[in-house]
$ cat run.cif   # mmCIF, C-alpha atoms and all ligand atoms
data_input
#
loop_
_atom_site.group_PDB
_atom_site.id
_atom_site.type_symbol
_atom_site.label_atom_id
_atom_site.label_comp_id
_atom_site.auth_asym_id
_atom_site.auth_seq_id
_atom_site.Cartn_x
_atom_site.Cartn_y
_atom_site.Cartn_z
ATOM 1 C CA MET B 268 -78.104 62.630 -43.316
ATOM 2 C CA PRO B 269 -79.369 59.912 -45.660
ATOM 3 C CA MET B 270 -79.923 56.538 -44.053
ATOM 4 C CA ASP B 271 -77.296 54.772 -46.135
ATOM 5 C CA SER B 272 -74.532 57.312 -45.463
ATOM 6 C CA SER B 273 -72.422 55.118 -43.179
ATOM 7 C CA PHE B 274 -72.772 52.245 -45.663
ATOM 8 C CA HIS B 275 -71.652 54.642 -48.396
ATOM 9 C CA GLU B 276 -68.605 55.587 -46.276
ATOM 10 C CA ALA B 277 -67.822 51.913 -45.706
ATOM 11 C CA PHE B 278 -68.083 51.348 -49.475
ATOM 12 C CA LEU B 279 -65.657 54.211 -50.130
ATOM 13 C CA ASP B 280 -63.286 52.782 -47.502
ATOM 14 C CA GLU B 281 -63.263 49.437 -49.299
ATOM 15 C CA LEU B 282 -62.660 51.121 -52.675
ATOM 16 C CA ARG B 283 -59.810 53.231 -51.264
ATOM 17 C CA ASP B 284 -58.294 50.142 -49.710
ATOM 18 C CA LEU B 285 -58.425 48.398 -53.091
ATOM 19 C CA TYR B 286 -57.028 51.443 -54.885
ATOM 20 C CA ASN B 287 -53.965 51.364 -52.648
ATOM 21 C CA ALA B 288 -53.747 47.554 -52.879
ATOM 22 C CA GLU B 289 -53.669 47.686 -56.700
ATOM 23 C CA LYS B 290 -50.925 50.307 -56.609
ATOM 24 C CA GLN B 291 -48.817 48.136 -54.319
ATOM 25 C CA ILE B 292 -49.430 45.181 -56.651
ATOM 26 C CA THR B 293 -48.173 47.115 -59.705
ATOM 27 C CA LYS B 294 -44.849 47.501 -57.899
ATOM 28 C CA ALA B 295 -44.618 43.806 -56.980
ATOM 29 C CA LEU B 296 -45.615 42.205 -60.303
ATOM 30 C CA PRO B 297 -42.551 43.317 -62.328
ATOM 31 C CA LYS B 298 -40.298 41.819 -59.624
ATOM 32 C CA MET B 299 -42.274 38.583 -59.687
ATOM 33 C CA ALA B 300 -42.038 38.429 -63.499
ATOM 34 C CA LYS B 301 -38.282 38.921 -63.237
ATOM 35 C CA ALA B 302 -37.943 36.204 -60.595
ATOM 36 C CA ALA B 303 -39.926 33.663 -62.655
ATOM 37 C CA SER B 304 -37.996 31.111 -64.727
ATOM 38 C CA ALA B 305 -40.855 29.500 -66.670
ATOM 39 C CA ALA B 306 -41.713 31.804 -69.573
ATOM 40 C CA PRO B 307 -45.493 31.226 -69.327
ATOM 41 C CA LEU B 308 -45.372 32.261 -65.655
ATOM 42 C CA ALA B 309 -43.413 35.439 -66.411
ATOM 43 C CA ASP B 310 -45.924 36.163 -69.208
ATOM 44 C CA ALA B 311 -48.848 35.657 -66.806
ATOM 45 C CA PHE B 312 -47.369 38.209 -64.376
ATOM 46 C CA GLU B 313 -46.741 40.704 -67.193
ATOM 47 C CA THR B 314 -50.270 40.287 -68.546
ATOM 48 C CA HIS B 315 -51.712 40.772 -65.079
ATOM 49 C CA LEU B 316 -49.611 43.916 -64.603
ATOM 50 C CA ARG B 317 -51.317 45.429 -67.662
ATOM 51 C CA GLU B 318 -54.725 44.362 -66.312
ATOM 52 C CA THR B 319 -53.889 45.822 -62.904
ATOM 53 C CA ASN B 320 -53.097 49.210 -64.445
ATOM 54 C CA GLU B 321 -56.517 49.115 -66.106
ATOM 55 C CA GLN B 322 -58.113 48.119 -62.774
ATOM 56 C CA ILE B 323 -56.583 51.247 -61.214
ATOM 57 C CA ARG B 324 -58.133 53.341 -64.006
ATOM 58 C CA ARG B 325 -61.534 51.719 -63.329
ATOM 59 C CA LEU B 326 -61.333 52.658 -59.641
ATOM 60 C CA GLU B 327 -60.377 56.230 -60.602
ATOM 61 C CA GLN B 328 -63.416 56.336 -62.900
ATOM 62 C CA ILE B 329 -65.641 55.177 -60.025
ATOM 63 C CA PHE B 330 -64.278 57.838 -57.631
ATOM 64 C CA LYS B 331 -64.878 60.445 -60.344
ATOM 65 C CA ASP B 332 -68.446 59.246 -60.997
ATOM 66 C CA LEU B 333 -69.201 59.287 -57.244
ATOM 67 C CA ASP B 334 -67.547 62.706 -56.951
ATOM 68 C CA GLU B 335 -65.277 61.369 -54.200
ATOM 69 C CA SER B 336 -61.495 61.393 -53.702
ATOM 70 C CA SER B 337 -59.397 58.250 -53.985
ATOM 71 C CA GLY B 338 -58.144 58.946 -50.465
ATOM 72 C CA LYS B 339 -54.859 58.038 -48.810
ATOM 73 C CA LYS B 340 -55.626 54.688 -47.289
ATOM 74 C CA LYS B 341 -52.953 52.013 -46.892
ATOM 75 C CA CYS B 342 -54.033 48.454 -47.570
ATOM 76 C CA LYS B 343 -52.283 46.623 -44.728
ATOM 77 C CA GLY B 344 -53.639 43.261 -45.829
ATOM 78 C CA ILE B 345 -51.947 43.351 -49.229
ATOM 79 C CA GLU B 346 -48.868 44.977 -47.693
ATOM 80 C CA GLY B 347 -48.501 41.933 -45.429
ATOM 81 C CA ILE B 348 -49.089 39.445 -48.233
ATOM 82 C CA LEU B 349 -46.553 41.205 -50.475
ATOM 83 C CA ASP B 350 -44.057 41.386 -47.592
ATOM 84 C CA GLU B 351 -44.235 37.637 -47.193
ATOM 85 C CA GLY B 352 -43.755 37.296 -50.958
ATOM 86 C CA LYS B 353 -40.675 39.502 -50.778
ATOM 87 C CA ASP B 354 -39.201 37.334 -48.002
ATOM 88 C CA MET B 355 -39.891 34.244 -50.087
ATOM 89 C CA MET B 356 -38.204 35.762 -53.155
ATOM 90 C CA SER B 357 -35.006 36.333 -51.167
ATOM 91 C CA GLU B 358 -34.737 32.597 -50.366
ATOM 92 C CA ASP B 359 -31.987 30.683 -52.138
ATOM 93 C CA VAL B 360 -33.954 27.893 -53.847
ATOM 94 C CA ASP B 361 -33.851 26.156 -57.235
ATOM 95 C CA GLU B 362 -35.704 27.768 -60.171
ATOM 96 C CA ALA B 363 -38.637 25.359 -60.124
ATOM 97 C CA THR B 364 -39.215 25.773 -56.398
ATOM 98 C CA MET B 365 -39.060 29.545 -56.865
ATOM 99 C CA ASP B 366 -41.680 29.334 -59.646
ATOM 100 C CA ALA B 367 -43.972 27.173 -57.506
ATOM 101 C CA SER B 368 -43.501 29.589 -54.588
ATOM 102 C CA LEU B 369 -44.190 32.638 -56.780
ATOM 103 C CA ILE B 370 -47.491 31.028 -57.772
ATOM 104 C CA ALA B 371 -48.283 30.401 -54.091
ATOM 105 C CA ALA B 372 -47.594 34.049 -53.246
ATOM 106 C CA ALA B 373 -49.529 35.385 -56.246
ATOM 107 C CA GLN B 374 -52.567 33.247 -55.465
ATOM 108 C CA ARG B 375 -52.713 34.724 -51.958
ATOM 109 C CA VAL B 376 -52.891 38.157 -53.578
ATOM 110 C CA GLU B 377 -55.590 37.078 -56.044
ATOM 111 C CA HIS B 378 -57.707 35.459 -53.333
ATOM 112 C CA TYR B 379 -57.528 38.609 -51.225
ATOM 113 C CA GLU B 380 -58.651 40.627 -54.240
ATOM 114 C CA ILE B 381 -61.423 38.178 -55.127
ATOM 115 C CA ALA B 382 -62.812 38.517 -51.586
ATOM 116 C CA ALA B 383 -62.584 42.320 -51.641
ATOM 117 C CA TYR B 384 -64.019 42.813 -55.152
ATOM 118 C CA GLY B 385 -66.803 40.305 -54.437
ATOM 119 C CA THR B 386 -67.823 42.531 -51.537
ATOM 120 C CA VAL B 387 -67.721 45.839 -53.413
ATOM 121 C CA VAL B 388 -69.641 44.409 -56.384
ATOM 122 C CA ALA B 389 -72.412 43.263 -54.018
ATOM 123 C CA TRP B 390 -72.400 46.569 -52.116
ATOM 124 C CA ALA B 391 -72.458 48.654 -55.303
ATOM 125 C CA LYS B 392 -75.474 46.674 -56.515
ATOM 126 C CA ALA B 393 -77.219 47.062 -53.137
ATOM 127 C CA MET B 394 -76.765 50.847 -53.311
ATOM 128 C CA GLY B 395 -77.832 51.091 -56.937
ATOM 129 C CA HIS B 396 -74.401 52.126 -58.234
ATOM 130 C CA ASP B 397 -74.919 50.087 -61.401
ATOM 131 C CA GLN B 398 -72.029 51.508 -63.434
ATOM 132 C CA ALA B 399 -69.608 51.004 -60.524
ATOM 133 C CA ALA B 400 -70.902 47.449 -60.083
ATOM 134 C CA ARG B 401 -70.282 46.746 -63.770
ATOM 135 C CA LEU B 402 -66.691 48.064 -63.655
ATOM 136 C CA LEU B 403 -65.900 46.231 -60.413
ATOM 137 C CA GLN B 404 -67.330 42.996 -61.827
ATOM 138 C CA LYS B 405 -64.939 43.282 -64.794
ATOM 139 C CA THR B 406 -62.025 43.470 -62.386
ATOM 140 C CA LEU B 407 -63.392 40.600 -60.282
ATOM 141 C CA ASP B 408 -63.575 38.460 -63.444
ATOM 142 C CA GLU B 409 -59.923 39.282 -64.245
ATOM 143 C CA GLU B 410 -58.790 38.344 -60.734
ATOM 144 C CA LYS B 411 -60.630 35.020 -60.960
ATOM 145 C CA ALA B 412 -59.190 34.304 -64.429
ATOM 146 C CA THR B 413 -55.685 35.086 -63.154
ATOM 147 C CA ASP B 414 -56.147 32.756 -60.198
ATOM 148 C CA GLU B 415 -57.289 29.965 -62.548
ATOM 149 C CA LYS B 416 -54.375 30.625 -64.891
ATOM 150 C CA LEU B 417 -51.943 30.298 -61.979
ATOM 151 C CA THR B 418 -53.561 27.018 -60.923
ATOM 152 C CA SER B 419 -53.261 25.653 -64.457
ATOM 153 C CA LEU B 420 -49.574 26.634 -64.627
ATOM 154 C CA ALA B 421 -48.902 24.944 -61.277
ATOM 155 C CA ASP B 422 -50.823 21.810 -62.255
ATOM 156 C CA GLY B 423 -49.510 21.910 -65.814
ATOM 157 C CA GLY B 424 -45.914 21.143 -64.903
ATOM 158 C CA ILE B 425 -44.385 23.685 -62.545
ATOM 159 C CA ASN B 426 -45.233 21.732 -59.379
ATOM 160 C CA ASP B 427 -44.083 18.493 -61.051
ATOM 161 C CA ILE B 428 -40.707 19.975 -61.911
ATOM 162 C CA ALA B 429 -40.344 21.408 -58.398
ATOM 163 C CA ALA B 430 -41.064 17.923 -57.042
ATOM 164 C CA GLY B 431 -38.287 16.573 -59.265
ATOM 165 C CA GLY B 432 -40.670 14.533 -61.384
ATOM 166 C CA THR B 433 -39.956 13.498 -64.935
ATOM 167 C CA GLY B 434 -43.540 13.248 -66.169
ATOM 168 C CA GLU B 435 -44.654 14.536 -69.552
ATOM 169 C CA LYS B 436 -46.234 17.516 -67.792
ATOM 170 C CA GLN B 437 -42.717 18.898 -67.683
ATOM 171 C CA VAL B 438 -42.774 19.495 -71.428
ATOM 172 C CA ALA B 439 -45.302 22.308 -71.092
ATOM 173 C CA ALA B 440 -43.493 24.158 -68.347
ATOM 174 C CA VAL B 441 -39.975 23.432 -69.476
ATOM 175 C CA SER B 442 -40.043 26.283 -71.968
ATOM 176 C CA ASN B 443 -38.230 28.348 -69.382
ATOM 177 C CA ARG B 444 -35.729 30.976 -70.301
ATOM 178 C CA GLY B 445 -32.634 28.897 -69.527
ATOM 179 C CA SER B 446 -33.824 25.897 -71.540
ATOM 180 C CA ARG B 447 -34.777 28.070 -74.468
ATOM 181 C CA ALA B 448 -31.296 29.564 -74.560
ATOM 182 C CA LYS B 449 -29.737 26.105 -74.287
ATOM 183 C CA ARG B 450 -31.900 24.712 -77.074
ATOM 184 C CA SER B 451 -31.025 27.505 -79.466
ATOM 185 C CA THR B 452 -27.315 27.055 -78.712
ATOM 186 C CA LYS B 453 -27.609 23.355 -79.518
ATOM 187 C CA ALA B 454 -29.487 24.091 -82.733
ATOM 188 C CA GLY B 455 -26.800 26.550 -83.701
ATOM 189 C CA ALA B 456 -24.011 24.016 -83.089
ATOM 190 C CA ALA B 457 -25.782 21.384 -85.192
ATOM 191 C CA ARG B 458 -25.827 23.560 -88.259
HETATM 192 FE FE FE J 501 -56.146 43.671 -59.016
HETATM 193 FE FE FE J 502 -54.950 40.647 -59.254
#
$ encode --input "run.cif" --output "structure tokens"
Amino acid sequence: MPMDSSFHEAFLDELRDLYNAEKQITKALPKMAKAASAAPLADAFETHLRETNEQIRRLEQIFKDLDESSGKKKCKGIEGILDEGKDMMSEDVDEATMDASLIAAAQRVEHYEIAAYGTVVAWAKAMGHDQAARLLQKTLDEEKATDEKLTSLADGGINDIAAGGTGEKQVAAVSNRGSRAKRSTKAGAAR
């Protein structure tokens, strides 16, 4: 048995955990996009859904290259985070509070993924799996970019609106679906 075999098994465990996590996330993101009122937030969830599907393909490529199965592991960590998100989405709150809360839930997911992908990138490098490290780094970069995007949406107006503020930050976030519909109705009436 090679010396690094238990480390290799631990690496596979982490990858299988992530594979299942990503699959759970692809089921949650469409619901989060639907629950979002601010159009840029719904767009961010839809964009990240497409990225997540690609992340799943990257993991499948890695399993194939390592000649290993993707396994049948359940990621309990993400299951718990998504469960809390589901509970939150069933709360009866105003649109802006829901948007702010969706960002809070999504950032928990991204931070979990950033921690997990940071680990597997480092482990892949340590074991000399250079191609796997490169693919996992791509995903890690996407998770970090998504987290930053969510922060900029929260800071760019969504939190302000939820707080009932009337600052100019509202202008950026106010392009929500309801307002857009209202604006076009008004424009139509003016003609
Ligand atoms: Fe992901
Ligand atoms: Fe993600």
$ closest_atom_pairs --input "run.cif" --of "chain B" --to "ligand FE 501 (chain J)" --cutoff "8 Å" --atoms "all atoms listed in the file" --output "CSV"
residue,atom,partner,partner_atom,distance
B:Leu285,CA,J:FE501,FE,7.9
B:Ala288,CA,J:FE501,FE,7.6
B:Glu289,CA,J:FE501,FE,5.3
B:Ile292,CA,J:FE501,FE,7.3
B:Glu318,CA,J:FE501,FE,7.5
B:Thr319,CA,J:FE501,FE,5.0
B:Gln322,CA,J:FE501,FE,6.1
B:Ile323,CA,J:FE501,FE,7.9
B:Glu377,CA,J:FE501,FE,7.3
B:Glu380,CA,J:FE501,FE,6.2
B:Thr406,CA,J:FE501,FE,6.8
B:Leu407,CA,J:FE501,FE,8.0
B:Glu409,CA,J:FE501,FE,7.8
B:Glu410,CA,J:FE501,FE,6.2
$ resolve_selection --input "run.cif" --expression "the PyMOL selection byres (((chain B and resi 275-284) around 10) and not hetatm)" --output "CSV table (one decimal) with C-alpha atoms, in the frame of the given file"
chain,number,residue,atom,x,y,z
B,269,PRO,CA,-79.4,59.9,-45.7
B,270,MET,CA,-79.9,56.5,-44.1
B,271,ASP,CA,-77.3,54.8,-46.1
B,272,SER,CA,-74.5,57.3,-45.5
B,273,SER,CA,-72.4,55.1,-43.2
B,274,PHE,CA,-72.8,52.2,-45.7
B,285,LEU,CA,-58.4,48.4,-53.1
B,286,TYR,CA,-57.0,51.4,-54.9
B,287,ASN,CA,-54.0,51.4,-52.6
B,288,ALA,CA,-53.7,47.6,-52.9
B,289,GLU,CA,-53.7,47.7,-56.7
B,326,LEU,CA,-61.3,52.7,-59.6
B,327,GLU,CA,-60.4,56.2,-60.6
B,329,ILE,CA,-65.6,55.2,-60.0
B,330,PHE,CA,-64.3,57.8,-57.6
B,333,LEU,CA,-69.2,59.3,-57.2
B,335,GLU,CA,-65.3,61.4,-54.2
B,336,SER,CA,-61.5,61.4,-53.7
B,337,SER,CA,-59.4,58.2,-54.0
B,338,GLY,CA,-58.1,58.9,-50.5
B,339,LYS,CA,-54.9,58.0,-48.8
B,340,LYS,CA,-55.6,54.7,-47.3
B,341,LYS,CA,-53.0,52.0,-46.9
B,342,CYS,CA,-54.0,48.5,-47.6
B,343,LYS,CA,-52.3,46.6,-44.7
B,344,GLY,CA,-53.6,43.3,-45.8
B,345,ILE,CA,-51.9,43.4,-49.2
B,383,ALA,CA,-62.6,42.3,-51.6
B,384,TYR,CA,-64.0,42.8,-55.2
B,386,THR,CA,-67.8,42.5,-51.5
B,387,VAL,CA,-67.7,45.8,-53.4
B,388,VAL,CA,-69.6,44.4,-56.4
B,390,TRP,CA,-72.4,46.6,-52.1
B,391,ALA,CA,-72.5,48.7,-55.3
B,394,MET,CA,-76.8,50.8,-53.3
B,403,LEU,CA,-65.9,46.2,-60.4
$ atom_distance --input "run.cif" --atom1 "CA of Ser368 (chain B)" --atom2 "CA of Ile381 (chain B)"
19.9 Å
$ closest_residue --input "run.cif" --among "B:Lys290, B:Lys331, B:Arg375, B:Arg325" --to "Lys411 (chain B)" --atoms "all atoms listed in the file"
B:Arg375
$ closest_residue --input "run.cif" --among "B:Asp359, B:Asp332, B:Ala399, B:Leu308" --to "Gly423 (chain B)" --atoms "all atoms listed in the file"
B:Leu308
$ closest_residue --input "run.cif" --among "B:Lys298, B:Glu321, B:Ser304, B:Thr418" --to "Asp361 (chain B)" --atoms "only C-alpha atoms"
B:Ser304
$ closest_residue --input "run.cif" --among "B:Val376, B:Ala389, B:Leu349, B:Val360" --to "ligand FE 502 (chain J)" --atoms "all atoms listed in the file"
B:Val376
$ resolve_selection --input "run.cif" --expression "the PyMOL selection byres (((chain B and resi 310) around 12) and not hetatm)" --output "list in words"
Leu296, Pro297, Met299, Ala300, Lys301, Ala302, Ala303, Ser304, Ala305, Ala306, Pro307, Leu308, Ala309, Ala311, Phe312, Glu313, Thr314, His315, Leu316, Arg317, Thr413, Lys416, Leu417, Leu420, Ser442, Asn443 and Arg444 of chain B
$ closest_residue --input "run.cif" --among "B:Lys294, B:Lys392, B:Arg324, B:His378" --to "ligand FE 502 (chain J)" --atoms "all atoms listed in the file"
B:His378
$ closest_residue --input "run.cif" --among "B:Gly431, B:Ala382, B:Ser419, B:Gln328" --to "ligand FE 502 (chain J)" --atoms "only C-alpha atoms and all ligand atoms"
B:Ala382
$ atom_distance --input "run.cif" --atom1 "CA of Asn426 (chain B)" --atom2 "CA of Glu362 (chain B)"
11.3 Å
